[in-house]
file start.cif (mmCIF, C-alpha atoms)
data_work
#
loop_
_atom_site.label_atom_id
_atom_site.label_comp_id
_atom_site.auth_asym_id
_atom_site.auth_seq_id
_atom_site.Cartn_x
_atom_site.Cartn_y
_atom_site.Cartn_z
CA MET A 253 -1.33 -26.86 -54.69
CA THR A 254 -4.52 -28.75 -54.13
CA SER A 255 -5.62 -31.04 -56.88
CA PRO A 256 -9.24 -31.17 -58.00
CA SER A 257 -9.54 -34.67 -56.59
CA ASP A 258 -8.65 -33.32 -53.17
CA ARG A 259 -11.67 -31.12 -53.18
CA PRO A 260 -14.81 -32.74 -51.89
CA ASP A 261 -17.11 -30.05 -53.22
CA ALA A 262 -15.95 -27.42 -55.65
CA GLY A 263 -19.06 -25.31 -55.06
CA LEU A 264 -18.47 -25.24 -51.35
CA GLY A 265 -14.83 -24.29 -51.80
CA GLU A 266 -15.66 -21.41 -54.12
CA ARG A 267 -18.32 -20.25 -51.68
CA LEU A 268 -15.88 -20.34 -48.78
CA ARG A 269 -13.40 -18.20 -50.66
CA GLU A 270 -16.01 -15.78 -51.88
CA LEU A 271 -17.40 -15.29 -48.40
CA ASP A 272 -13.96 -15.01 -46.95
CA ALA A 273 -12.99 -12.33 -49.46
CA ALA A 274 -15.58 -10.14 -47.81
CA GLY A 275 -13.31 -9.64 -44.84
CA THR A 276 -11.64 -6.40 -43.85
CA PRO A 277 -9.29 -5.14 -46.56
CA GLU A 278 -5.72 -4.53 -45.50
CA SER A 279 -3.96 -1.27 -46.16
CA GLY A 280 -0.27 -0.82 -46.90
CA ALA A 281 -0.03 1.59 -43.97
CA LEU A 282 -1.18 -1.11 -41.57
CA PHE A 283 1.57 -3.49 -42.73
CA ASP A 284 4.17 -0.73 -42.62
CA GLU A 285 3.23 -0.06 -39.03
CA MET A 286 3.20 -3.75 -38.15
CA PHE A 287 6.58 -4.26 -39.76
CA SER A 288 8.26 -1.35 -38.03
CA GLU A 289 6.89 -2.46 -34.63
CA MET A 290 8.04 -6.01 -35.21
CA LYS A 291 11.45 -4.94 -36.48
CA THR A 292 11.95 -2.78 -33.41
CA ARG A 293 11.18 -5.79 -31.23
CA CYS A 294 13.64 -7.90 -33.22
CA ASP A 295 16.37 -5.28 -32.89
CA GLU A 296 15.75 -4.86 -29.16
CA SER A 297 15.80 -8.62 -28.69
CA ASP A 298 19.06 -8.94 -30.62
CA ARG A 299 20.72 -6.67 -28.10
CA THR A 300 19.88 -8.98 -25.19
CA LEU A 301 21.66 -12.15 -24.12
CA ALA A 302 18.46 -14.16 -24.58
CA GLY A 303 17.98 -12.76 -28.07
CA PHE A 304 21.56 -13.56 -28.97
CA LEU A 305 21.32 -17.15 -27.71
CA ARG A 306 17.88 -17.80 -29.18
CA SER A 307 18.98 -16.65 -32.60
CA ARG A 308 21.78 -19.22 -32.73
CA SER A 309 20.99 -22.31 -34.78
CA THR A 310 19.44 -25.21 -32.90
CA SER A 311 22.61 -27.30 -33.05
CA VAL A 312 24.64 -24.40 -31.63
CA ARG A 313 22.11 -23.79 -28.87
CA ARG A 314 22.20 -27.45 -27.93
CA ALA A 315 25.99 -27.51 -27.99
CA ILE A 316 26.06 -24.43 -25.72
CA VAL A 317 23.67 -25.99 -23.21
CA LEU A 318 25.43 -29.35 -23.20
CA SER A 319 28.82 -27.68 -22.76
CA ILE A 320 27.60 -25.62 -19.83
CA PHE A 321 25.93 -28.66 -18.26
CA ALA A 322 29.16 -30.62 -18.67
CA LEU A 323 31.22 -27.77 -17.26
CA LEU A 324 28.94 -27.38 -14.23
CA GLY A 325 28.84 -31.13 -13.74
CA VAL A 326 32.61 -31.58 -13.86
CA ALA A 327 33.23 -28.56 -11.64
CA GLY A 328 30.65 -29.74 -9.13
CA TRP A 329 31.95 -33.29 -9.22
CA PHE A 330 35.50 -32.33 -8.35
CA ALA A 331 34.90 -29.19 -6.30
CA PHE A 332 33.10 -30.99 -3.48
CA PRO A 333 33.83 -34.35 -1.87
CA LEU A 334 31.73 -37.17 -3.22
CA ILE A 335 29.99 -39.50 -0.83
CA GLY A 336 32.19 -42.36 0.39
CA ALA A 337 32.97 -45.30 -1.89
CA GLU A 338 30.69 -47.56 0.16
CA GLY A 339 27.77 -45.31 -0.66
CA ARG A 340 28.30 -45.48 -4.39
CA THR A 341 25.92 -48.31 -4.92
CA LEU A 342 24.28 -49.43 -8.13
CA GLN A 343 21.15 -47.51 -7.17
CA TRP A 344 23.20 -44.38 -6.54
CA THR A 345 24.77 -44.69 -10.00
CA ALA A 346 21.40 -45.43 -11.59
CA SER A 347 19.92 -42.31 -9.97
CA LEU A 348 22.71 -40.12 -11.32
CA VAL A 349 22.45 -41.60 -14.81
CA ALA A 350 18.66 -41.14 -14.80
CA PHE A 351 19.05 -37.51 -13.74
CA CYS A 352 21.57 -36.92 -16.55
CA LEU A 353 19.24 -38.48 -19.12
CA LEU A 354 16.32 -36.37 -17.91
CA LEU A 355 18.44 -33.23 -18.15
CA VAL A 356 19.43 -34.03 -21.73
CA LEU A 357 15.84 -34.85 -22.67
CA ALA A 358 14.62 -31.59 -21.16
CA MET A 359 17.33 -29.73 -23.07
CA PHE A 360 16.15 -31.28 -26.35
CA MET A 361 12.54 -30.35 -25.62
CA VAL A 362 13.32 -26.79 -24.65
CA THR A 363 15.57 -26.17 -27.65
CA ARG A 364 13.11 -27.63 -30.16
CA PRO A 365 13.02 -25.43 -33.29
CA VAL A 366 9.88 -23.32 -33.58
CA HIS A 367 9.40 -24.13 -37.27
CA LEU A 368 8.47 -27.70 -36.32
CA PRO A 369 5.00 -28.56 -35.03
CA ALA A 370 4.87 -27.93 -31.28
CA ILE A 371 5.53 -30.88 -28.99
CA PRO A 372 2.21 -32.24 -27.71
CA ARG A 373 1.64 -30.91 -24.23
CA TRP A 374 1.18 -34.37 -22.78
CA GLN A 375 4.79 -35.15 -23.65
CA SER A 376 6.02 -32.13 -21.72
CA TRP A 377 3.80 -33.03 -18.79
CA CYS A 378 5.09 -36.58 -18.99
CA LEU A 379 8.68 -35.39 -18.69
CA VAL A 380 7.79 -33.18 -15.72
CA CYS A 381 6.03 -36.07 -13.96
CA VAL A 382 8.86 -38.51 -14.68
CA ALA A 383 11.39 -35.98 -13.37
CA LEU A 384 9.42 -35.50 -10.15
CA GLY A 385 8.94 -39.25 -9.85
CA ALA A 386 12.64 -39.93 -10.38
CA THR A 387 13.61 -37.64 -7.51
CA VAL A 388 11.13 -39.41 -5.24
CA VAL A 389 12.32 -42.87 -6.29
CA ALA A 390 15.93 -41.79 -5.72
CA ALA A 391 14.96 -40.76 -2.18
CA PHE A 392 14.00 -44.36 -1.47
CA TRP A 393 17.55 -45.38 -2.33
CA PRO A 394 19.28 -43.41 0.42
CA VAL A 395 22.90 -43.59 1.49
CA PRO A 396 23.55 -46.63 3.76
CA ALA A 397 23.13 -45.58 7.39
CA ALA A 398 26.48 -47.05 8.45
CA LEU A 399 28.36 -44.90 5.96
CA ALA A 400 26.42 -41.80 6.84
CA ALA A 401 27.21 -42.16 10.53
CA THR A 402 30.92 -42.03 9.78
CA THR A 403 30.74 -39.01 7.51
CA HIS A 404 28.10 -36.65 8.89
CA ASP A 405 26.33 -36.21 12.14
CA HIS A 406 23.90 -33.33 11.66
CA GLY A 407 20.37 -32.79 12.79
CA GLY A 408 18.17 -34.32 10.08
CA GLY A 409 15.53 -31.56 9.94
CA PHE A 410 17.94 -28.67 9.77
CA MET A 411 20.07 -30.39 7.19
CA ALA A 412 17.03 -31.16 5.04
CA GLY A 413 16.45 -27.41 4.88
CA ALA A 414 20.09 -26.79 4.06
CA CYS A 415 20.08 -29.41 1.29
CA MET A 416 16.91 -27.93 -0.11
CA GLY A 417 18.45 -24.46 -0.13
CA VAL A 418 21.59 -25.71 -1.84
CA GLY A 419 19.54 -27.69 -4.38
CA LEU A 420 17.39 -24.68 -5.21
CA LEU A 421 20.46 -22.50 -5.57
CA LEU A 422 22.10 -24.99 -7.90
CA GLY A 423 18.96 -25.34 -10.00
CA VAL A 424 18.64 -21.63 -10.70
CA PRO A 425 21.45 -21.40 -13.29
CA VAL A 426 20.09 -24.47 -15.08
CA TYR A 427 16.63 -22.96 -15.20
CA ALA A 428 18.00 -19.61 -16.37
CA LEU A 429 20.11 -21.22 -19.07
CA LEU A 430 17.21 -23.26 -20.44
CA ARG A 431 14.93 -20.22 -20.48
CA LEU A 432 17.58 -18.21 -22.26
CA VAL A 433 17.76 -20.66 -25.17
CA ASP A 434 14.00 -21.36 -25.34
CA ARG A 435 12.42 -19.66 -28.35
CA GLY A 436 8.95 -19.97 -26.92
CA ASN A 437 7.97 -23.61 -26.69
CA ALA A 438 4.68 -24.20 -24.91
CA LEU A 439 5.32 -25.47 -21.36
CA GLY A 440 9.04 -24.77 -21.85
CA ASN A 441 9.00 -23.04 -18.46
CA LEU A 442 7.74 -26.16 -16.70
CA VAL A 443 10.21 -28.43 -18.47
CA ALA A 444 13.02 -26.04 -17.52
CA ALA A 445 11.77 -26.01 -13.92
CA ALA A 446 11.76 -29.81 -13.80
CA ALA A 447 15.27 -29.84 -15.28
CA ALA A 448 16.44 -27.37 -12.63
CA GLY A 449 15.02 -29.62 -9.92
CA VAL A 450 16.71 -32.65 -11.41
CA ALA A 451 20.04 -30.81 -11.64
CA GLY A 452 19.77 -29.87 -7.96
CA ASN A 453 19.00 -33.47 -7.10
CA PHE A 454 21.96 -34.68 -9.15
CA VAL A 455 24.41 -32.62 -7.12
CA LEU A 456 22.79 -33.46 -3.80
CA LYS A 457 22.73 -37.15 -4.63
CA ALA A 458 26.41 -37.08 -5.56
CA HIS A 459 27.60 -35.21 -2.51
CA CYS A 460 25.13 -35.50 0.36
CA SER A 461 25.91 -38.35 2.75
CA ILE A 462 23.05 -37.83 5.14
CA ALA A 463 21.14 -41.08 5.53
CA GLY A 464 17.41 -41.53 5.53
CA THR A 465 14.57 -41.51 3.09
CA SER A 466 12.85 -38.75 5.05
CA HIS A 467 15.90 -36.50 4.65
CA GLU A 468 16.06 -37.16 0.93
CA LEU A 469 12.35 -36.61 0.49
CA LEU A 470 12.35 -33.36 2.47
CA GLY A 471 15.73 -32.03 1.39
CA HIS A 472 16.26 -33.42 -2.10
CA ALA A 473 13.04 -34.45 -3.84
CA SER A 474 11.34 -31.31 -2.56
CA VAL A 475 13.71 -29.22 -4.70
CA ALA A 476 12.13 -30.43 -7.94
CA LEU A 477 8.65 -30.04 -6.51
CA VAL A 478 9.33 -26.49 -5.33
CA PHE A 479 10.72 -25.56 -8.73
CA VAL A 480 7.83 -27.02 -10.70
CA VAL A 481 5.01 -25.85 -8.43
CA GLY A 482 6.60 -22.49 -7.66
CA LEU A 483 7.40 -21.57 -11.23
CA SER A 484 4.11 -22.84 -12.62
CA LEU A 485 2.33 -20.55 -10.16
CA VAL A 486 4.55 -17.64 -11.15
CA HIS A 487 3.81 -18.27 -14.83
CA ARG A 488 0.12 -18.53 -14.11
CA TRP A 489 0.07 -15.21 -12.33
CA ILE A 490 2.24 -13.41 -14.84
CA PRO A 491 0.76 -13.70 -18.34
CA SER A 492 3.33 -15.03 -20.78
CA GLU A 493 2.66 -12.17 -23.24
CA THR A 494 4.40 -9.80 -20.87
CA ARG A 495 7.39 -12.04 -20.48
CA HIS A 496 8.24 -12.58 -24.14
CA MET B 223 4.66 -1.77 -50.22
CA SER B 224 5.59 -1.69 -53.91
CA GLY B 225 7.48 -4.29 -55.87
CA SER B 226 10.09 -3.68 -58.56
CA SER B 227 9.40 -5.09 -62.03
CA SER B 228 12.65 -5.16 -64.03
CA LYS B 229 14.49 -7.86 -62.06
CA PRO B 230 13.14 -11.39 -61.85
CA ARG B 231 11.17 -11.79 -58.65
CA PRO B 232 13.30 -13.58 -56.07
CA THR B 233 11.79 -16.67 -54.50
CA ASP B 234 10.89 -16.76 -50.82
CA GLU B 235 13.83 -19.04 -50.19
CA GLU B 236 16.26 -16.68 -51.94
CA LEU B 237 14.95 -13.83 -49.83
CA MET B 238 15.33 -15.89 -46.66
CA ASP B 239 18.88 -16.84 -47.63
CA ALA B 240 19.64 -13.17 -48.19
CA TYR B 241 18.14 -12.31 -44.83
CA VAL B 242 20.20 -14.96 -43.08
CA ASP B 243 23.22 -13.33 -44.73
CA GLY B 244 22.23 -9.99 -43.16
CA ASP B 245 20.05 -8.34 -45.82
CA ASP B 246 17.29 -6.54 -43.88
CA ALA B 247 15.50 -5.48 -47.06
CA ALA B 248 14.88 -9.15 -47.84
CA PHE B 249 13.12 -9.52 -44.49
CA ARG B 250 10.91 -6.59 -45.39
CA LEU B 251 10.00 -8.22 -48.70
CA LEU B 252 9.20 -11.48 -46.94
CA PHE B 253 6.96 -9.57 -44.56
CA GLU B 254 5.19 -7.92 -47.48
CA ARG B 255 4.59 -11.31 -49.07
CA TYR B 256 3.48 -13.25 -46.04
CA ALA B 257 1.91 -10.76 -43.65
CA PRO B 258 -1.35 -10.38 -45.66
CA ILE B 259 -1.69 -14.16 -45.97
CA LEU B 260 -1.00 -14.68 -42.30
CA LEU B 261 -3.29 -11.86 -41.25
CA ARG B 262 -6.21 -13.41 -43.12
CA LEU B 263 -5.35 -16.78 -41.63
CA THR B 264 -5.16 -15.53 -38.07
CA ARG B 265 -8.26 -13.36 -38.44
CA ARG B 266 -10.28 -16.35 -39.49
CA HIS B 267 -9.04 -18.31 -36.50
CA LEU B 268 -9.14 -15.64 -33.84
CA ARG B 269 -11.82 -13.21 -35.02
CA ASP B 270 -9.96 -10.43 -33.31
CA ASP B 271 -8.08 -7.91 -35.43
CA GLU B 272 -5.61 -6.75 -32.84
CA LEU B 273 -4.81 -10.25 -31.72
CA ALA B 274 -4.42 -11.41 -35.32
CA GLN B 275 -1.94 -8.60 -35.98
CA GLU B 276 -0.05 -9.48 -32.81
CA ILE B 277 0.19 -13.13 -33.89
CA VAL B 278 1.47 -12.10 -37.34
CA GLN B 279 4.14 -9.93 -35.73
CA GLN B 280 5.01 -12.69 -33.30
CA THR B 281 5.33 -15.12 -36.22
CA PHE B 282 7.90 -12.90 -37.90
CA PHE B 283 9.61 -12.25 -34.58
CA ARG B 284 10.04 -16.01 -34.17
CA LEU B 285 11.09 -16.39 -37.79
CA HIS B 286 13.75 -13.77 -37.13
CA GLY B 287 14.93 -15.70 -34.07
CA ALA B 288 14.97 -18.99 -35.96
CA ARG B 289 16.63 -17.63 -39.12
CA ASN B 290 19.90 -19.44 -38.48
CA ASP B 291 18.04 -22.77 -38.58
CA PHE B 292 17.00 -22.14 -42.17
CA ARG B 293 18.88 -24.44 -44.51
CA ARG B 294 19.39 -23.78 -48.19
CA GLY B 295 17.03 -25.97 -50.18
CA SER B 296 14.30 -25.88 -47.51
CA LYS B 297 10.89 -24.45 -48.32
CA LEU B 298 10.01 -21.31 -46.40
CA ARG B 299 6.24 -21.43 -46.56
CA PRO B 300 5.81 -24.49 -44.31
CA TRP B 301 8.15 -22.82 -41.84
CA VAL B 302 6.08 -19.66 -41.64
CA MET B 303 2.78 -21.50 -41.56
CA THR B 304 3.95 -23.88 -38.83
CA ILE B 305 5.13 -21.02 -36.64
CA ALA B 306 1.83 -19.18 -37.12
CA MET B 307 -0.30 -22.27 -36.48
CA ASN B 308 1.71 -23.09 -33.36
CA LEU B 309 1.05 -19.58 -32.08
CA VAL B 310 -2.66 -19.79 -32.86
CA ARG B 311 -2.94 -23.14 -31.06
CA GLU B 312 -1.00 -21.77 -28.12
CA HIS B 313 -3.40 -18.86 -27.95
CA TRP B 314 -6.45 -21.12 -27.90
CA ARG B 315 -4.97 -23.31 -25.19
CA ARG B 316 -4.13 -20.31 -23.06
CA LYS B 317 -7.56 -18.88 -23.59
CA LYS B 318 -9.21 -22.18 -22.69
CA ARG B 319 -7.05 -22.45 -19.60
CA ARG B 320 -8.01 -19.01 -18.43
CA LYS B 321 -11.66 -19.79 -19.05
CA MET B 322 -12.12 -16.70 -21.16
CA SER B 323 -13.94 -18.34 -24.01
CA ASP B 324 -16.75 -15.80 -24.30
CA LEU B 325 -18.11 -16.17 -27.77
CA GLU B 326 -19.89 -12.85 -27.38
CA VAL B 327 -16.63 -11.02 -27.09
CA ASP B 328 -15.31 -12.83 -30.14
CA THR B 329 -18.35 -12.00 -32.21
CA GLN B 330 -18.07 -8.35 -31.35
CA ALA B 331 -14.46 -8.37 -32.37
CA ALA B 332 -15.19 -10.04 -35.71
CA PRO B 333 -13.34 -8.57 -38.64
CA GLU B 334 -16.39 -7.40 -40.56
CA ALA B 335 -16.30 -3.72 -41.32
CA ASP B 336 -19.01 -1.09 -41.67
CA PHE B 337 -18.30 -0.38 -45.31
CA MET B 338 -19.28 -3.93 -46.28
CA PRO B 339 -22.72 -4.41 -47.84
CA ILE B 340 -25.14 -5.90 -45.33
CA GLU B 341 -25.75 -9.04 -47.38
CA LEU B 342 -22.05 -9.73 -47.74
CA ARG B 343 -21.49 -9.05 -44.07
CA GLN B 344 -24.19 -11.53 -43.13
CA ARG B 345 -22.62 -14.16 -45.35
CA SER B 346 -19.22 -13.51 -43.91
CA VAL B 347 -20.62 -13.86 -40.40
CA LEU B 348 -22.26 -17.11 -41.45
CA LEU B 349 -19.00 -18.48 -42.80
CA HIS B 350 -17.00 -17.51 -39.75
CA GLY B 351 -19.72 -18.88 -37.50
CA ALA B 352 -19.61 -22.20 -39.35
CA LEU B 353 -15.82 -22.32 -39.24
CA GLU B 354 -15.92 -21.55 -35.54
CA ARG B 355 -18.09 -24.56 -34.89
CA LEU B 356 -15.44 -26.88 -36.28
CA PRO B 357 -12.92 -28.41 -33.90
CA ASN B 358 -9.57 -26.59 -34.04
CA SER B 359 -7.83 -29.57 -35.61
CA GLN B 360 -10.31 -29.56 -38.53
CA ARG B 361 -10.44 -25.80 -38.86
CA GLU B 362 -6.70 -25.49 -39.32
CA VAL B 363 -6.77 -28.14 -42.04
CA ILE B 364 -9.57 -26.32 -43.89
CA GLU B 365 -7.67 -23.10 -43.45
CA LEU B 366 -4.52 -24.45 -45.02
CA HIS B 367 -6.19 -26.58 -47.67
CA TRP B 368 -8.84 -24.26 -49.04
CA PHE B 369 -7.78 -20.81 -48.16
CA GLN B 370 -4.03 -21.25 -48.46
CA GLU B 371 -4.29 -23.95 -51.15
CA ARG B 372 -1.64 -26.12 -49.57
CA PRO B 373 -1.38 -29.77 -50.57
CA TYR B 374 -2.21 -32.40 -47.97
CA ALA B 375 1.41 -33.50 -47.63
CA GLU B 376 2.50 -29.99 -46.69
CA ILE B 377 -0.43 -29.55 -44.30
CA ALA B 378 0.58 -32.79 -42.59
CA GLN B 379 4.07 -31.34 -42.16
CA ILE B 380 2.70 -28.11 -40.73
CA VAL B 381 0.25 -29.61 -38.25
CA GLY B 382 2.55 -32.48 -37.33
CA THR B 383 0.48 -35.48 -38.31
CA SER B 384 0.18 -38.00 -41.15
CA GLU B 385 -1.23 -37.16 -44.56
CA GLY B 386 -3.97 -39.74 -44.03
CA ALA B 387 -5.05 -38.09 -40.80
CA VAL B 388 -5.16 -34.73 -42.55
CA ARG B 389 -7.36 -36.14 -45.31
CA VAL B 390 -9.75 -37.58 -42.74
CA ARG B 391 -9.93 -34.28 -40.88
CA ALA B 392 -10.55 -32.39 -44.11
CA HIS B 393 -13.28 -34.76 -45.19
CA ARG B 394 -15.05 -34.48 -41.84
CA ALA B 395 -14.70 -30.73 -41.84
CA TYR B 396 -16.07 -30.33 -45.36
CA THR B 397 -19.00 -32.57 -44.56
CA THR B 398 -19.81 -30.50 -41.48
CA LEU B 399 -19.34 -27.21 -43.31
CA LYS B 400 -21.53 -28.36 -46.13
CA GLN B 401 -24.32 -29.12 -43.67
CA LEU B 402 -23.85 -25.82 -41.89
CA LEU B 403 -23.71 -23.73 -45.04
CA VAL B 404 -26.23 -25.64 -47.09
CA SER B 405 -28.87 -22.93 -47.00
CA GLU B 406 -26.32 -20.31 -47.91
CA ILE B 407 -25.10 -22.30 -50.88
CA ARG B 408 -28.60 -23.14 -52.07
CA GLY B 409 -29.60 -19.53 -51.71
CA ASP B 410 -27.42 -18.49 -54.60
CA GLU B 411 -27.99 -21.40 -56.89
#
call {"tool": "encode", "arguments": {"input": "start.cif", "output": "structure tokens"}}
result
Amino acid sequence: MTSPSDRPDAGLGERLRELDAAGTPESGALFDEMFSEMKTRCDESDRTLAGFLRSRSTSVRRAIVLSIFALLGVAGWFAFPLIGAEGRTLQWTASLVAFCLLLVLAMFMVTRPVHLPAIPRWQSWCLVCVALGATVVAAFWPVPAALAATTHDHGGGFMAGACMGVGLLLGVPVYALLRLVDRGNALGNLVAAAAAGVAGNFVLKAHCSIAGTSHELLGHASVALVFVVGLSLVHRWIPSETRH
Amino acid sequence: MSGSSSKPRPTDEELMDAYVDGDDAAFRLLFERYAPILLRLTRRHLRDDELAQEIVQQTFFRLHGARNDFRRGSKLRPWVMTIAMNLVREHWRRKKRRKMSDLEVDTQAAPEADFMPIELRQRSVLLHGALERLPNSQREVIELHWFQERPYAEIAQIVGTSEGAVRVRAHRAYTTLKQLLVSEIRGDE
């Protein structure tokens, strides 16, 4: 409770309360109605997959997301041929590690408990910008041309489109998963979109041997951009009240 | 909305524990305890009855979703207040972003009712007008400190800043309010 020393002006405080007490009185019927509406929403939500996942404790939600990320990562790593050993440079490894870190950071942001003060929006924006920046920087560390010539010989433009399609496809489950465990953090949709773009880039970076910064910019980095810009436009057009 | 008298009144935390264990009646009791407090809080911030009710419902909806995060020994009130304040802030940001900040609409939707004596209604309008002029960061501190009677340490926890920063905000807010309401206060002295 507040101590008298906390109060700069007792008269003002009393006045504030007195004036405030003149507000609309609440009736029991109003609260009964509010409760039954809210309880119905809770019950309906509990029957959905999102409701089930969101009602898990934060540690469980994080464990679920990390497990699925790990599962997808391992499956993807072994299911498709990695780029040749010559292409696995320090920059290539650094890109993959950076993408992993960004994914984990995004997961922590999205699964933040709602009973804690909301993350400042600039931090979410920062993560989104860093994620977009990381994909661009990674594009300037392309696969060595000599290696690429021995592994693939496709038309650059067409293959950029193909890579982009594959990246977008791979990002969708990541986005969906992060949205499913998000209890309603502000900008959670954008952070999830950035994470989806990063996940797509991770797979493309690990497996795509097509050389050239232009290919990586058009086919890889564009995935994150499309996710972030596309989904932010979708969320702007569709008011969030109707989604939750 | 009636309470029983024979048994000792369970604490909020006991009710929350019971709810986590699957007791729906405990959730109802928590709603009965907190909904009126939250409704007054959100009305003061939003000046829109329907929206205030929606935020209260949303607060409990989120509390329901987050129930498995509640640990025995934790205090429930900061939880509920933080969720509600996060929702209020989110609302203001969204509103600002959509450039829908028409004060006229807000004033029309103010919670004053017809049954209220004119003098009291005018005073209430004055208070809400003065509160509205405060920056959001100061208004939420005033809200929690004066109206909810929360100590500074708890307010700091709810708004996510240091106790010192909360004290500074409160001091600035009270100074501003005092200036804004000076005629009102003097009027009754």
call {"tool": "resolve_selection", "arguments": {"input": "start.cif", "expression": "the PyMOL selection byres ((chain A and resi 302) around 10)", "output": "VMD selection string"}}
result
chain A and resid 297 to 301 303 to 307 428 to 429 431 to 435
call {"tool": "resolve_selection", "arguments": {"input": "start.cif", "expression": "the PyMOL selection byres ((chain B and resi 230-238) around 8)", "output": "VMD selection string"}}
result
chain B and resid 227 to 229 239 to 242 248 to 249 251 to 252 289 292 294 to 299
call {"tool": "atom_distance", "arguments": {"input": "start.cif", "atom1": "atom CA of B:Glu272", "atom2": "atom CA of B:Trp368"}}
result
24.1 Å
call {"tool": "closest_residue", "arguments": {"input": "start.cif", "among": "B:Arg266, B:Leu285, B:Gly244, B:Glu371", "to": "A:Cys294", "atoms": "all atoms listed in the file"}}
result
B:Leu285
call {"tool": "atom_distance", "arguments": {"input": "start.cif", "atom1": "atom CA of A:Ala445", "atom2": "atom CA of B:Lys317"}}
result
22.8 Å
call {"tool": "closest_residue", "arguments": {"input": "start.cif", "among": "A:Phe283, A:Phe351, A:Trp489, A:Phe479", "to": "chain B", "atoms": "all atoms listed in the file"}}
result
A:Phe283
call {"tool": "build_atoms", "arguments": {"input": "start.cif", "residues": "stretch 444-458 of chain A", "atoms": "N, CA and C atoms", "output": "PDB file, keeping the file's coordinate frame"}}
result
ATOM      1  N   ALA A 444      11.782 -26.626 -18.059  1.00  0.00           N
ATOM      2  CA  ALA A 444      13.020 -26.040 -17.520  1.00  0.00           C
ATOM      3  C   ALA A 444      13.026 -26.129 -15.991  1.00  0.00           C
ATOM      4  N   ALA A 445      11.862 -25.919 -15.380  1.00  0.00           N
ATOM      5  CA  ALA A 445      11.770 -26.010 -13.920  1.00  0.00           C
ATOM      6  C   ALA A 445      12.064 -27.431 -13.448  1.00  0.00           C
ATOM      7  N   ALA A 446      11.501 -28.401 -14.163  1.00  0.00           N
ATOM      8  CA  ALA A 446      11.760 -29.810 -13.800  1.00  0.00           C
ATOM      9  C   ALA A 446      13.245 -30.123 -13.969  1.00  0.00           C
ATOM     10  N   ALA A 447      13.842 -29.606 -15.039  1.00  0.00           N
ATOM     11  CA  ALA A 447      15.270 -29.840 -15.280  1.00  0.00           C
ATOM     12  C   ALA A 447      16.114 -29.222 -14.163  1.00  0.00           C
ATOM     13  N   ALA A 448      15.715 -28.039 -13.713  1.00  0.00           N
ATOM     14  CA  ALA A 448      16.440 -27.370 -12.630  1.00  0.00           C
ATOM     15  C   ALA A 448      16.370 -28.228 -11.359  1.00  0.00           C
ATOM     16  N   GLY A 449      15.178 -28.757 -11.087  1.00  0.00           N
ATOM     17  CA  GLY A 449      15.020 -29.620  -9.920  1.00  0.00           C
ATOM     18  C   GLY A 449      15.862 -30.872 -10.013  1.00  0.00           C
ATOM     19  N   VAL A 450      15.915 -31.446 -11.195  1.00  0.00           N
ATOM     20  CA  VAL A 450      16.710 -32.650 -11.410  1.00  0.00           C
ATOM     21  C   VAL A 450      18.199 -32.342 -11.249  1.00  0.00           C
ATOM     22  N   ALA A 451      18.618 -31.188 -11.764  1.00  0.00           N
ATOM     23  CA  ALA A 451      20.040 -30.810 -11.640  1.00  0.00           C
ATOM     24  C   ALA A 451      20.420 -30.652 -10.171  1.00  0.00           C
ATOM     25  N   GLY A 452      19.529 -30.005  -9.393  1.00  0.00           N
ATOM     26  CA  GLY A 452      19.770 -29.870  -7.960  1.00  0.00           C
ATOM     27  C   GLY A 452      19.880 -31.221  -7.284  1.00  0.00           C
ATOM     28  N   ASN A 453      18.987 -32.121  -7.667  1.00  0.00           N
ATOM     29  CA  ASN A 453      19.000 -33.470  -7.100  1.00  0.00           C
ATOM     30  C   ASN A 453      20.259 -34.236  -7.471  1.00  0.00           C
ATOM     31  N   PHE A 454      20.737 -33.995  -8.691  1.00  0.00           N
ATOM     32  CA  PHE A 454      21.960 -34.680  -9.150  1.00  0.00           C
ATOM     33  C   PHE A 454      23.120 -34.340  -8.215  1.00  0.00           C
ATOM     34  N   VAL A 455      23.290 -33.056  -7.957  1.00  0.00           N
ATOM     35  CA  VAL A 455      24.410 -32.620  -7.120  1.00  0.00           C
ATOM     36  C   VAL A 455      24.241 -33.123  -5.688  1.00  0.00           C
ATOM     37  N   LEU A 456      23.024 -33.019  -5.180  1.00  0.00           N
ATOM     38  CA  LEU A 456      22.790 -33.460  -3.800  1.00  0.00           C
ATOM     39  C   LEU A 456      23.022 -34.960  -3.669  1.00  0.00           C
ATOM     40  N   LYS A 457      22.562 -35.697  -4.677  1.00  0.00           N
ATOM     41  CA  LYS A 457      22.730 -37.150  -4.630  1.00  0.00           C
ATOM     42  C   LYS A 457      24.216 -37.519  -4.652  1.00  0.00           C
ATOM     43  N   ALA A 458      24.986 -36.760  -5.420  1.00  0.00           N
ATOM     44  CA  ALA A 458      26.410 -37.080  -5.560  1.00  0.00           C
ATOM     45  C   ALA A 458      27.203 -36.736  -4.305  1.00  0.00           C
TER      46      ALA A 458
END
